[in-house]
Every structure is written in structure tokens, then in C-alpha cells.
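Data block for query09.txt (compact mmCIF, C-alpha atoms):
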# COMPACT_ATOMS: atom_id res chain seq x y z
CA MET O 1 0.00 0.00 0.00
CA PRO O 2 1.46 3.37 -0.92
CA GLN O 3 2.27 5.38 2.17
CA ASP O 4 1.69 9.07 2.69
CA SER O 5 4.02 11.50 4.27
CA PRO O 6 3.66 15.25 4.57
CA THR O 7 6.45 15.80 2.07
CA ASP O 8 4.75 13.60 -0.53
CA THR O 9 1.51 15.50 -0.30
CA ALA O 10 3.20 18.86 -0.15
CA ALA O 11 4.91 17.88 -3.39
CA ASN O 12 1.80 16.75 -5.25
CA GLY O 13 -0.60 19.18 -3.55
CA ALA O 14 -3.02 16.48 -2.36
CA PHE O 15 -5.17 17.06 0.69
CA GLU O 16 -3.61 15.70 3.85
CA PRO O 17 -6.22 15.48 6.60
CA LYS O 18 -5.61 16.32 10.22
CA ILE O 19 -7.10 13.66 12.44
CA VAL O 20 -7.29 13.80 16.21
CA ALA O 21 -7.26 10.37 17.84
CA PHE O 22 -8.42 9.82 21.40
CA LEU O 23 -6.91 6.50 22.46
CA CYS O 24 -7.55 4.76 25.74
CA ASN O 25 -4.44 4.16 27.77
CA TRP O 26 -4.96 0.45 28.32
CA CYS O 27 -5.84 -0.90 24.91
CA SER O 28 -5.77 1.35 21.87
CA TYR O 29 -2.79 3.42 22.96
CA ALA O 30 -0.89 0.21 23.60
CA GLY O 31 -2.15 -1.05 20.23
CA ALA O 32 -0.73 2.06 18.59
CA ASP O 33 2.48 1.45 20.47
CA LEU O 34 2.60 -2.11 19.19
CA ALA O 35 2.05 -0.88 15.64
CA GLY O 36 4.98 1.44 16.20
CA ILE O 37 7.43 -1.06 17.63
CA SER O 38 6.38 -3.59 15.01
CA ARG O 39 7.26 -0.94 12.39
CA ILE O 40 3.87 -1.24 10.74
CA GLN O 41 3.38 1.68 8.39
CA TYR O 42 0.26 3.83 8.51
CA PRO O 43 -0.57 7.42 7.48
CA PRO O 44 1.01 10.06 9.72
CA SER O 45 -2.17 12.14 9.70
CA ILE O 46 -3.27 11.29 13.25
CA ARG O 47 -2.47 13.26 16.36
CA VAL O 48 -2.81 10.97 19.36
CA ILE O 49 -4.29 12.14 22.64
CA ARG O 50 -3.99 9.55 25.37
CA VAL O 51 -6.96 9.29 27.73
CA PRO O 52 -7.38 6.97 30.72
CA CYS O 53 -10.45 5.31 29.24
CA SER O 54 -12.81 5.78 26.31
CA GLY O 55 -15.32 6.68 29.03
CA ARG O 56 -13.22 9.76 29.67
CA VAL O 57 -13.96 11.13 26.23
CA ASP O 58 -16.63 13.75 26.68
CA PRO O 59 -18.60 14.29 23.47
CA PHE O 60 -17.50 17.85 23.88
CA TYR O 61 -13.87 16.91 23.19
CA ILE O 62 -14.92 15.50 19.86
CA LEU O 63 -16.85 18.60 18.84
CA GLU O 64 -14.09 20.82 20.14
CA ALA O 65 -11.57 19.00 17.94
CA LEU O 66 -13.78 19.64 14.90
CA GLN O 67 -14.30 23.25 15.92
CA SER O 68 -10.56 23.74 16.28
CA GLY O 69 -10.02 22.63 12.72
CA ALA O 70 -9.53 18.86 12.80
CA ASP O 71 -10.76 17.20 9.62
CA GLY O 72 -11.57 13.99 11.43
CA VAL O 73 -11.72 12.50 14.89
CA LEU O 74 -11.02 8.91 15.85
CA ILE O 75 -12.01 7.55 19.23
CA SER O 76 -10.72 4.15 20.17
CA GLY O 77 -10.98 2.08 23.31
CA CYS O 78 -10.94 -1.46 24.65
CA HIS O 79 -13.25 -4.07 23.19
CA PRO O 80 -16.52 -4.41 25.13
CA GLY O 81 -15.89 -6.56 28.17
CA ASP O 82 -12.19 -5.75 28.26
CA CYS O 83 -12.35 -2.30 29.89
CA HIS O 84 -9.67 -1.78 32.50
CA TYR O 85 -12.34 -0.09 34.59
CA LEU O 86 -14.83 -2.86 33.78
CA THR O 87 -17.66 -0.78 32.32
CA GLY O 88 -16.17 2.50 31.12
CA ASN O 89 -16.47 1.64 27.46
CA TYR O 90 -20.05 0.37 27.81
CA VAL O 91 -21.16 3.72 29.21
CA ALA O 92 -19.07 5.52 26.59
CA ARG O 93 -20.70 3.46 23.86
CA ARG O 94 -24.14 4.87 24.68
CA ARG O 95 -22.83 8.43 24.60
CA PHE O 96 -21.03 7.81 21.32
CA ALA O 97 -24.14 6.25 19.83
CA VAL O 98 -26.17 9.37 20.64
CA LEU O 99 -23.44 11.68 19.40
CA ASN O 100 -23.00 9.66 16.22
CA ASP O 101 -26.72 9.84 15.40
CA LEU O 102 -26.99 13.49 16.44
CA LEU O 103 -24.10 14.51 14.18
CA ALA O 104 -25.62 12.60 11.28
CA PHE O 105 -28.92 14.40 11.95
CA ALA O 106 -27.17 17.76 12.04
CA GLY O 107 -25.68 17.02 8.64
CA ILE O 108 -22.06 16.63 9.68
CA ASP O 109 -20.69 14.08 7.22
CA PRO O 110 -20.73 10.58 8.62
CA GLY O 111 -17.12 9.49 8.65
CA ARG O 112 -15.74 12.69 10.15
CA VAL O 113 -16.05 11.08 13.53
CA SER O 114 -15.12 7.41 13.78
CA PHE O 115 -15.21 4.99 16.64
CA SER O 116 -13.32 1.74 17.00
CA TRP O 117 -12.29 -0.87 19.51
CA VAL O 118 -8.63 -1.87 19.29
CA SER O 119 -6.91 -4.05 21.87
CA ALA O 120 -3.28 -3.85 22.97
CA ALA O 121 -2.51 -6.93 20.89
CA GLU O 122 -3.94 -5.52 17.66
CA GLY O 123 -1.11 -3.44 16.22
CA GLU O 124 -1.93 -4.40 12.65
CA ARG O 125 -5.61 -3.68 13.25
CA PHE O 126 -4.76 -0.25 14.63
CA ALA O 127 -2.80 0.57 11.49
CA GLU O 128 -5.69 -0.72 9.39
CA VAL O 129 -8.19 1.45 11.27
CA VAL O 130 -6.05 4.54 10.78
CA ARG O 131 -5.62 3.81 7.07
CA GLU O 132 -9.35 3.43 6.69
CA VAL O 133 -10.21 6.57 8.68
CA ASN O 134 -7.55 8.54 6.84
CA GLU O 135 -8.92 7.44 3.48
CA ARG O 136 -12.50 8.25 4.41
CA VAL O 137 -11.63 11.72 5.70
CA ARG O 138 -9.44 12.38 2.69
CA GLN O 139 -12.39 11.67 0.43
CA LEU O 140 -14.63 13.96 2.46
CA GLY O 141 -12.13 16.77 2.06
CA PRO O 142 -11.38 19.54 4.54
CA ASN O 143 -13.82 20.03 7.41
CA ARG O 144 -15.87 23.16 6.76
CA LYS O 145 -18.80 22.68 9.11
CA LEU O 146 -18.43 23.66 12.74
CA VAL O 147 -14.93 25.07 12.22
CA LYS O 148 -14.44 28.33 14.03
CA ARG O 149 -13.11 30.89 11.61
CA GLU O 150 -11.33 34.13 12.36
CA CYS O 151 -14.51 36.17 12.11
CA GLY O 152 -18.10 34.99 12.31
CA MET K 1 -65.80 21.92 42.17
CA SER K 2 -63.79 23.39 39.37
CA ARG K 3 -60.15 22.53 38.92
CA GLU K 4 -59.02 25.98 39.99
CA ALA K 5 -61.26 26.05 43.08
CA GLN K 6 -59.96 22.63 44.07
CA LEU K 7 -56.37 23.84 43.57
CA ARG K 8 -56.90 26.90 45.79
CA LYS K 9 -58.70 24.89 48.46
CA ARG K 10 -55.98 22.24 48.66
CA ALA K 11 -53.20 24.84 48.63
CA ARG K 12 -54.89 26.68 51.50
CA GLU K 13 -55.33 23.47 53.47
CA LEU K 14 -51.79 22.23 52.93
CA LEU K 15 -50.31 25.55 54.03
CA ALA K 16 -52.68 26.00 56.99
CA ASP K 17 -51.95 22.47 58.21
CA LYS K 18 -48.24 23.20 57.92
CA CYS K 19 -48.05 20.16 55.71
CA VAL K 20 -45.89 22.10 53.26
CA VAL K 21 -43.97 25.37 53.45
CA MET K 22 -44.70 26.42 49.91
CA VAL K 23 -47.11 25.75 47.10
CA LEU K 24 -45.55 26.07 43.69
CA GLY K 25 -48.11 26.94 41.07
CA TYR K 26 -49.10 29.66 38.61
CA ARG K 27 -50.56 33.12 39.11
CA PRO K 28 -51.51 35.91 36.72
CA ALA K 29 -48.51 37.99 35.68
CA LYS K 30 -48.41 41.77 35.56
CA ARG K 31 -48.44 41.59 31.79
CA GLU K 32 -52.05 41.32 30.66
CA GLY K 33 -53.06 37.77 29.82
CA ALA K 34 -49.81 36.13 30.95
CA VAL K 35 -49.11 33.83 33.88
CA GLN K 36 -46.00 33.42 35.96
CA PRO K 37 -44.82 30.91 38.56
CA ALA K 38 -46.29 31.51 42.01
CA PHE K 39 -44.46 30.73 45.20
CA ILE K 40 -47.26 30.74 47.78
CA THR K 41 -46.26 30.50 51.41
CA ARG K 42 -49.30 31.89 53.25
CA PRO K 43 -52.73 30.22 53.21
CA GLU K 44 -54.45 33.55 52.57
CA ASP K 45 -52.48 33.96 49.32
CA ALA K 46 -53.76 30.69 47.89
CA ASP K 47 -56.54 32.46 45.99
CA ALA K 48 -53.93 33.95 43.66
CA LEU K 49 -53.38 30.53 42.10
CA VAL K 50 -54.68 29.82 38.63
CA PHE K 51 -54.45 26.94 36.23
CA ASP K 52 -55.38 27.05 32.57
CA ASP K 53 -53.93 26.57 29.12
CA ARG K 54 -51.44 29.42 29.55
CA CYS K 55 -49.57 27.55 32.28
CA GLY K 56 -46.79 26.22 30.11
CA MET K 57 -43.75 26.77 32.32
CA ASN K 58 -42.33 23.57 33.73
CA LEU K 59 -42.53 24.09 37.49
CA ALA K 60 -40.17 21.20 38.18
CA ALA K 61 -37.37 23.60 37.20
CA TYR K 62 -37.90 25.53 40.44
CA LEU K 63 -37.77 22.53 42.77
CA PRO K 64 -33.98 22.27 43.08
CA ARG K 65 -33.93 25.99 43.91
CA VAL K 66 -36.57 25.94 46.66
CA LYS K 67 -36.10 22.46 48.13
CA HIS K 68 -33.94 23.79 50.98
CA LEU K 69 -37.02 25.57 52.39
CA GLY K 70 -38.75 22.34 53.35
CA ARG K 71 -41.60 20.31 51.97
CA ILE K 72 -43.02 21.75 48.77
CA ALA K 73 -46.35 21.19 47.08
CA VAL K 74 -46.11 21.49 43.33
CA VAL K 75 -48.76 21.67 40.63
CA ALA K 76 -47.85 19.16 37.94
CA LYS K 77 -49.10 18.55 34.42
CA GLY K 78 -48.00 15.42 32.61
CA CYS K 79 -44.70 16.93 31.50
CA ASP K 80 -43.96 18.55 34.87
CA SER K 81 -44.52 15.20 36.57
CA ARG K 82 -42.12 13.50 34.16
CA SER K 83 -39.51 16.16 34.91
CA ILE K 84 -40.05 15.52 38.62
CA VAL K 85 -39.42 11.82 37.97
CA GLY K 86 -36.20 12.86 36.23
CA LEU K 87 -35.15 14.92 39.26
CA LEU K 88 -35.97 12.01 41.57
CA LYS K 89 -33.86 9.69 39.42
CA GLU K 90 -30.95 12.06 39.55
CA LYS K 91 -31.44 12.55 43.29
CA GLN K 92 -32.01 16.26 43.03
CA VAL K 93 -35.18 16.13 45.12
CA ALA K 94 -36.47 13.58 47.61
CA ARG K 95 -39.90 12.08 47.09
CA ASP K 96 -40.95 12.67 50.70
CA GLN K 97 -40.14 16.36 50.35
CA LEU K 98 -42.77 16.78 47.64
CA VAL K 99 -46.53 16.87 47.53
CA ILE K 100 -47.41 16.53 43.87
CA LEU K 101 -50.76 18.03 42.95
CA GLY K 102 -51.58 16.47 39.59
CA VAL K 103 -53.66 18.12 36.90
CA GLY K 104 -54.77 16.72 33.59
CA CYS K 105 -53.60 18.94 30.74
CA GLU K 106 -55.29 19.58 27.42
CA GLY K 107 -52.15 21.18 26.02
CA VAL K 108 -50.85 24.69 26.54
CA LYS K 109 -51.43 27.58 24.20
CA GLU K 110 -48.75 29.72 22.68
CA ASN K 111 -49.91 32.84 20.85
CA GLY K 112 -53.41 31.42 20.79
CA ARG K 113 -52.40 28.13 19.19
CA LEU K 114 -51.59 24.75 20.66
CA SER K 115 -47.91 24.82 21.53
CA ASP K 116 -45.75 22.86 19.09
CA ALA K 117 -44.40 20.62 21.85
CA CYS K 118 -47.92 19.67 22.91
CA THR K 119 -48.79 18.35 19.46
CA THR K 120 -46.58 15.33 20.11
CA CYS K 121 -47.45 14.92 23.79
CA ALA K 122 -48.24 11.34 24.77
CA TYR K 123 -48.48 11.98 28.50
CA PRO K 124 -51.09 14.70 29.23
CA ASN K 125 -51.67 13.28 32.71
CA PRO K 126 -49.25 13.05 35.61
CA VAL K 127 -47.21 9.86 35.70
CA ILE K 128 -46.62 10.37 39.41
CA CYS K 129 -48.72 12.34 41.89
CA ASP K 130 -50.07 12.40 45.42
CA GLU K 131 -53.50 13.67 44.56
CA MET K 132 -55.32 14.71 41.42
CA LEU K 133 -56.93 18.15 41.34
CA SER K 134 -58.94 17.33 38.24
CA ASP K 135 -60.08 14.37 36.23
CA ASN K 136 -57.60 12.92 33.83
CA ALA K 137 -57.41 14.74 30.55
CA PRO K 138 -58.43 12.60 27.58
CA GLU K 139 -55.56 10.62 26.08
CA ARG K 140 -54.19 12.41 23.07
CA LYS K 141 -53.02 10.88 19.87
CA PRO K 142 -49.58 12.39 19.30
CA ALA K 143 -48.97 13.81 15.84
CA ALA K 144 -46.87 11.66 13.51
CA ASP K 145 -43.09 11.94 13.75
CA PRO K 146 -42.49 15.70 13.38
CA LEU K 147 -38.91 15.09 12.26
CA ALA K 148 -39.84 12.88 9.32
CA GLU K 149 -39.84 15.71 6.76
CA PHE K 150 -36.63 17.23 8.06
CA GLU K 151 -34.79 13.93 8.07
CA LYS K 152 -35.59 13.41 4.40
CA LEU K 153 -33.40 16.39 3.50
CA THR K 154 -29.81 15.84 2.44
CA PRO K 155 -27.13 16.24 5.12
CA ASP K 156 -26.04 19.58 3.66
CA GLU K 157 -29.60 20.89 3.63
CA ARG K 158 -30.08 19.79 7.23
CA TRP K 159 -26.85 21.43 8.27
CA GLN K 160 -27.80 24.64 6.54
CA ALA K 161 -31.29 24.71 8.05
CA LEU K 162 -30.00 24.12 11.57
CA ALA K 163 -27.10 26.53 11.13
CA ASP K 164 -29.44 29.28 9.91
CA ASP K 165 -31.74 28.63 12.86
CA VAL K 166 -29.12 28.65 15.61
CA ALA K 167 -27.31 31.60 14.01
CA ARG K 168 -30.04 33.75 15.54
CA CYS K 169 -29.15 32.61 19.06
CA ILE K 170 -28.18 35.52 21.29
CA ARG K 171 -26.91 33.22 24.03
CA CYS K 172 -29.28 34.54 26.67
CA TYR K 173 -29.54 30.99 28.08
CA ALA K 174 -33.27 31.35 28.66
CA CYS K 175 -33.56 27.75 27.42
CA ARG K 176 -31.26 26.63 30.19
CA GLN K 177 -32.84 28.75 32.90
CA VAL K 178 -36.32 27.35 32.36
CA CYS K 179 -35.20 23.74 31.94
CA PRO K 180 -35.77 21.36 34.86
CA ASN K 181 -32.83 19.26 33.66
CA CYS K 182 -30.43 22.19 34.02
CA TYR K 183 -29.76 22.22 37.74
CA CYS K 184 -25.95 22.12 37.64
CA PRO K 185 -24.51 24.68 40.09
CA THR K 186 -22.03 25.65 37.38
CA CYS K 187 -23.22 25.09 33.85
CA PHE K 188 -20.60 24.04 31.30
CA MET K 189 -21.54 27.25 29.51
CA ASP K 190 -20.55 29.40 32.48
CA ALA K 191 -17.40 27.54 33.47
CA SER K 192 -14.27 29.56 32.87
CA GLY K 193 -11.57 27.13 33.90
CA PRO K 194 -11.58 25.43 31.51
CA GLN K 195 -13.85 27.48 29.34
CA TRP K 196 -15.63 24.74 27.47
CA VAL K 197 -17.59 26.63 24.87
CA GLY K 198 -16.79 29.92 23.19
CA LYS K 199 -19.16 32.57 24.51
CA THR K 200 -19.47 34.51 21.30
CA THR K 201 -22.48 34.38 19.00
CA ALA K 202 -20.29 33.21 16.14
CA ASP K 203 -22.10 30.54 14.10
CA SER K 204 -19.64 27.89 15.20
CA ASP K 205 -19.95 28.71 18.91
CA ASN K 206 -23.73 28.80 18.66
CA MET K 207 -23.83 25.42 16.99
CA MET K 208 -21.45 23.99 19.60
CA PHE K 209 -23.71 25.26 22.34
CA HIS K 210 -26.83 23.79 20.84
CA LEU K 211 -25.26 20.44 20.00
CA MET K 212 -23.81 20.10 23.49
CA ARG K 213 -27.06 21.19 25.02
CA ALA K 214 -28.78 18.45 23.02
CA MET K 215 -26.23 15.92 24.23
CA HIS K 216 -26.95 16.88 27.81
CA MET K 217 -30.67 16.41 27.17
CA ALA K 218 -30.26 12.87 25.84
CA GLY K 219 -32.23 10.43 27.95
CA ARG K 220 -33.42 13.23 30.21
CA CYS K 221 -35.53 15.65 28.17
CA VAL K 222 -39.28 15.06 28.50
CA GLU K 223 -40.07 17.34 25.53
CA CYS K 224 -42.19 19.75 27.55
CA GLY K 225 -41.23 22.52 25.12
CA THR K 226 -40.63 25.12 27.82
CA CYS K 227 -37.24 25.99 26.28
CA SER K 228 -38.76 26.48 22.85
CA ARG K 229 -41.50 28.73 24.23
CA GLY K 230 -38.97 30.61 26.33
CA CYS K 231 -36.62 31.34 23.45
CA PRO K 232 -36.83 35.05 22.59
CA MET K 233 -35.43 34.37 19.12
CA GLY K 234 -37.89 31.60 18.30
CA ILE K 235 -35.22 28.97 17.65
CA ASP K 236 -36.71 25.53 17.10
CA LEU K 237 -35.05 23.88 20.08
CA MET K 238 -37.56 21.06 19.98
CA LYS K 239 -35.87 19.75 16.85
CA PHE K 240 -32.77 18.89 18.85
CA ASN K 241 -34.74 17.67 21.86
CA ARG K 242 -36.98 15.44 19.81
CA LYS K 243 -34.06 14.01 17.93
CA VAL K 244 -32.13 12.98 21.04
CA ALA K 245 -35.29 11.57 22.62
CA LYS K 246 -35.90 9.61 19.44
CA ILE K 247 -32.33 8.29 19.34
CA VAL K 248 -32.53 7.19 22.97
CA LYS K 249 -35.87 5.50 22.42
CA GLU K 250 -34.80 3.71 19.25
CA ARG K 251 -31.40 2.65 20.49
CA PHE K 252 -31.96 1.94 24.15
CA GLY K 253 -35.75 1.59 24.36
CA ALA K 254 -35.83 4.26 27.06
CA VAL K 255 -38.32 7.09 27.52
CA ALA K 256 -37.34 9.84 29.94
CA GLY K 257 -39.31 10.54 33.09
CA LEU K 258 -41.53 7.50 33.44
CA ASP K 259 -39.95 5.20 36.01
CA PRO K 260 -38.19 6.74 39.03
CA ASP K 261 -36.36 3.48 39.73
CA GLU K 262 -34.81 3.24 36.30
CA PRO K 263 -31.45 5.06 35.89
CA PRO K 264 -31.20 7.75 33.19
CA ALA K 265 -30.49 6.06 29.84
CA LEU K 266 -27.03 7.56 29.45
CA ALA K 267 -25.98 6.69 32.98
CA ALA K 268 -26.70 3.04 32.31
CA PHE K 269 -25.73 0.50 29.68
CA ASP K 270 -26.63 -2.86 28.29
CA PRO K 271 -23.75 -5.12 27.21
CA ASN K 272 -25.81 -5.87 24.12
CA ASP K 273 -26.30 -2.27 23.01
CA LYS K 274 -26.10 -2.00 19.23
CA GLN K 275 -22.67 -0.90 18.03
CA GLU K 276 -22.95 -1.02 14.25
CA PHE K 277 -21.30 2.43 14.05
CA ILE K 278 -18.14 1.25 15.83
CA ARG K 279 -15.50 -0.43 13.78

Take the structure from the file and write it as C-alpha cells.
Amino acid sequence: MPQDSPTDTAANGAFEPKIVAFLCNWCSYAGADLAGISRIQYPPSIRVIRVPCSGRVDPFYILEALQSGADGVLISGCHPGDCHYLTGNYVARRRFAVLNDLLAFAGIDPGRVSFSWVSAAEGERFAEVVREVNERVRQLGPNRKLVKRECG
Amino acid sequence: MSREAQLRKRARELLADKCVVMVLGYRPAKREGAVQPAFITRPEDADALVFDDRCGMNLAAYLPRVKHLGRIAVVAKGCDSRSIVGLLKEKQVARDQLVILGVGCEGVKENGRLSDACTTCAYPNPVICDEMLSDNAPERKPAADPLAEFEKLTPDERWQALADDVARCIRCYACRQVCPNCYCPTCFMDASGPQWVGKTTADSDNMMFHLMRAMHMAGRCVECGTCSRGCPMGIDLMKFNRKVAKIVKERFGAVAGLDPDEPPALAAFDPNDKQEFIR
């Protein structure tokens, strides 16, 4: 699979999305770590923010990322049943479900905000998720809705 | 005995017997033809109370602010009673600190017409009460899904319609002030460290406010429409409220404000919740 790097895109002028990724400390962050130490290649478009649990991700963080100019947001936590805090991701799942449907209702392109479960053992899966999210956001183009501009 | 006479009589009795310290109801406002909340503490003032189709404010909103006074009697329509159930669930008021005076409601009027929120009301009668002041209002057949038309639009059209609507918001927070769900001592809108939401009326900040407000209403809003009626700019807040209520009902099978023993939908979970949107 061809890999992207900022220099490549700067050279050919293609759109390189900015994606904010909220990864839970116990699973997805470790999964990203595994992808790294296994030298699995994936697009460098994500900016990782480590959170203690996917349950720590307030829907507001997600909207705030979009408002601050992120083109996409990825939220990833432990698989259901594997939460370090037992039920954090179950409670988070309900919030994410409502946010997901509300954003679709409000006309924010589905695909701007993605959710996934990635365990600490799934380095290859993490890379795959990022590739997929990156590709989807790239096709959507730059985020124009909800972004706070200089005036108005 | 008419509903209003019964209301005044019971308010007088409850106050005279020192059964409650306050009766929370409605009284005529100074502005001709309007009503306002009444906080009656003396039996001789009970005759000021009224109840008719202008009484649209959700009185449950005042309970967290007056509960420290002692036992309160509150006049409750269907929607008020559901908000009280919500407050009981969230432990904002104690059941034994309330005397709920139920009234059947035929819908409230707004500018002479049935209020928009009332057209989809499925609970005109109190779901919880200590005594009824009137007979039950006839069951109403709620109008068909009021979001159906809107949801047929394309995402861009929906975004534009909502963005145009909330662009008029002047951030007066009337919607929050009248809402029984909004009892937080410090609202996320007022917090300054961190400052969660930009306080300007820029389109983006307005949309953030309304989306986050909707998120906070999920599983809690009883669609009483008080926020919509209270909005000085006429923003269709019910669109957001109805949508989150619909999501919560479809996804989790939960309806806000019916069962005091059931936790709020977003404070609970089911291991088998659908997760088709999660990769």
C-alpha cells in the first residue's frame, strides 16, 4: 500500500487530513504502540491524545476538535468486556451512539467522527483502522462545518 | 368543584396544616393575559393561584432551587410530573419532600395556538402524583413523527437549516434557565476554567452550544417545550430535543421521566447495546 508523508503530499498538492485520535491508555494506545514497535506503516495524519479510558472522552472533546479545525476525529478504546475499569467503554458506547446519530442528523458528514475498539494486541488492526479513517476523511475533504473561523 | 377552586382549596389546606412550606403553582402575571410561577407561602395567598392553558412553564425547574425551604407542594401537568421523575432519578429532590398536585392537561397555548411541543405529547396526565386536582385529561393521539420531513433532507440541507436557525441565538440561556434538567450549580456554559464553549455568537460557537445542550438532554428531556416557548429568538429547540429523545428510544428503548427506579439512559448500559457504528 502506498504510504503518505507530509512531504509527498506537499509535493503533489493532495489534501492531507488532520485527524485527532483519542486512544484509551490500556488498549488502543498500547495497540498504537505495538504498531509502532512492530514498524507497521500507517498514514502520519493522526495526532494521538492519550486518555485513561474511552469513558473519559466527553462528546465535547470530539466537537471541540472539529471546531478547532480537525478534519476527522477517531475515538478508540478497549473491546466491550475488556475495559480496565470494567464498564467505562459500555457507558461511553451509549454516549457515542447518541453523538453519532446526532451529528448525522445535524448534517455533519458521517465518517468525520469514527469509533473503534482496538486491543493492545492488535497493532496491525490499529494501522488498518487509521488507514481506513484517513482514506474516508481524505475523500470527504477539509472540514468546513463547525470550524471556528477568524470572524463569524 | 372546578379545577381551579380545588387547587386553591388544597393549597390553603396544605399551608394552613403546615403540611408544606410552599405551594408552587401559577398566578396571573403583571403583563395582561400572561401567567407566571407563584411561590405561595401563606394560606391567605392561595386564591392567587390559577391553572389554565397558559400555564406552560415547567414548574419542576424551580424545585432544586426551593427544596432547601422544606416540603413543597407542586402543581404538575404530565410533563412537569415527568420532569419531577427525572429529578428524583438524579437525586435532586427527595420524594418525601414533595406533595405533587396532579392536573390533567389539554395542552398549553402559545400565541393562541396549541404549543408545538404539545402536538406530540403522549403523557397529558401526571405519571406520578399524590392527589389529582382534576379528572384525567383525555388521552391524546400524538402527531406523527415531526422530524420525518426534516430527516428526508440531504445532510447539507439539514446542516444549513440548523445553522441558519441557531445563528439567531443571542446566548441569553433562557432555554437553560427554564429547563428542569439544568440544575448544575455551574453550567458548562458558564465555566471559565476550563472554558468549554466559546461565549461569542459566532455561528460555530452557537452550533457547539446547541449540540452540546442536546447531548446533555439525551435520555433526560421530556419534551415539555418550555425551552422552545422561552426562546426570545424563536429557535426551534424542539428539533434537537426530539431528535435525542428519538435516538434514545430507538437505540436503548428508554423514555425519559416515566420510572423513578430506572437510571437515566445515558448513565446506564446494556452489554448488548447496538454498536454497528463502531469499527

Two-atom distance - atom CA of K:Ile72, atom CA of K:Ala218 (Å):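 Between these atoms lies a distance of 27.7 Å.
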
With 6 Å as the limit and counting all atoms listed in the file, what residues in chain K lie close to chain O? Please list them as number ranges by chain. K: 155-156, 158-159, 202, 204, 269, 278-279

Suppose you want the space between atom CA of K:Met238 and atom CA of K:Phe39; what is it in Å?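 Straight-line distance from atom CA of K:Met238 to atom CA of K:Phe39 works out to 27.9 Å.
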
With only C-alpha atoms as the counted atoms, please give the residues lying no more than 12 Å from K:Lys67, apart from itself and same-chain residues fewer than 5 positions off, as a list in words.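 Here the answer would be Val20, Val21, Met22, Val23, Leu24, Ala60, Ala61, Tyr62, Ile72, Ala73, Val74, Leu87, Lys91, Gln92, Val93, Ala94, Arg95, Asp96, Gln97, Leu98 and Val99 of chain K.
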
Which of O:Asn25, O:Gln139, O:Ser54, O:Ser38 sits closest to O:Glu124 [using all atoms listed in the file]: O:Ser38

Report as a PyMOL selection string all protein, DNA and RNA residues lying within 9 Å of stretch 116-131 of chain K, evaluated on only C-alpha atoms, omitting residues in the same chain fewer than 4 positions from it. chain K and resi 76-82+84-85+98-110+136-146+223-226+228-229+238+257-259

So which one's closest to K:Asp164, K:Asp236, K:Gln195, K:Asn111, K:Val222? Using all atoms listed in the file, please.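 Smallest separation from K:Asp164 among the options: K:Asp236.
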
Could you give me, as a PyMOL selection string, the residues that sit within 12 Å of (-29.1, 3.8, 25.8) in the file's coordinates, counting all atoms listed in the file? (chain O and resi 90-99) or (chain K and resi 218-220+244-256+262-275)

Please work out which residues fall within 10 Å of (1.6, 10.0, 14.0), coordinates as given in the file, with only C-alpha atoms counting, and return them as a PDB file with C-alpha atoms, in the coordinates of the input.
ATOM      1  CA  ILE O  19      -7.100  13.660  12.440  1.00  0.00           C
ATOM      2  CA  VAL O  20      -7.290  13.800  16.210  1.00  0.00           C
ATOM      3  CA  ALA O  21      -7.260  10.370  17.840  1.00  0.00           C
ATOM      4  CA  ALA O  32      -0.730   2.060  18.590  1.00  0.00           C
ATOM      5  CA  GLY O  36       4.980   1.440  16.200  1.00  0.00           C
ATOM      6  CA  TYR O  42       0.260   3.830   8.510  1.00  0.00           C
ATOM      7  CA  PRO O  43      -0.570   7.420   7.480  1.00  0.00           C
ATOM      8  CA  PRO O  44       1.010  10.060   9.720  1.00  0.00           C
ATOM      9  CA  SER O  45      -2.170  12.140   9.700  1.00  0.00           C
ATOM     10  CA  ILE O  46      -3.270  11.290  13.250  1.00  0.00           C
ATOM     11  CA  ARG O  47      -2.470  13.260  16.360  1.00  0.00           C
ATOM     12  CA  VAL O  48      -2.810  10.970  19.360  1.00  0.00           C
ATOM     13  CA  VAL O 130      -6.050   4.540  10.780  1.00  0.00           C
TER      14      VAL O 130
END

In Å, how far is it from atom CA of O:Leu23 to atom CA of O:Arg50? 5.1 Å

Can you report as JSON the centre and edge lengths in Å, to one decimal, of an axis-aligned box around the listed atoms of stretch 229-236 of chain K padded with 8 Å on each side?
{"center_x": -38.4, "center_y": 30.3, "center_z": 21.7, "size_x": 22.3, "size_y": 25.5, "size_z": 25.2}

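Distance annotation: of O:Cys53, O:Ala14, O:Ala35, O:Ala127, the residue with the minimal separation from O:Pro142 is O:Ala14; atom set is only C-alpha atoms.
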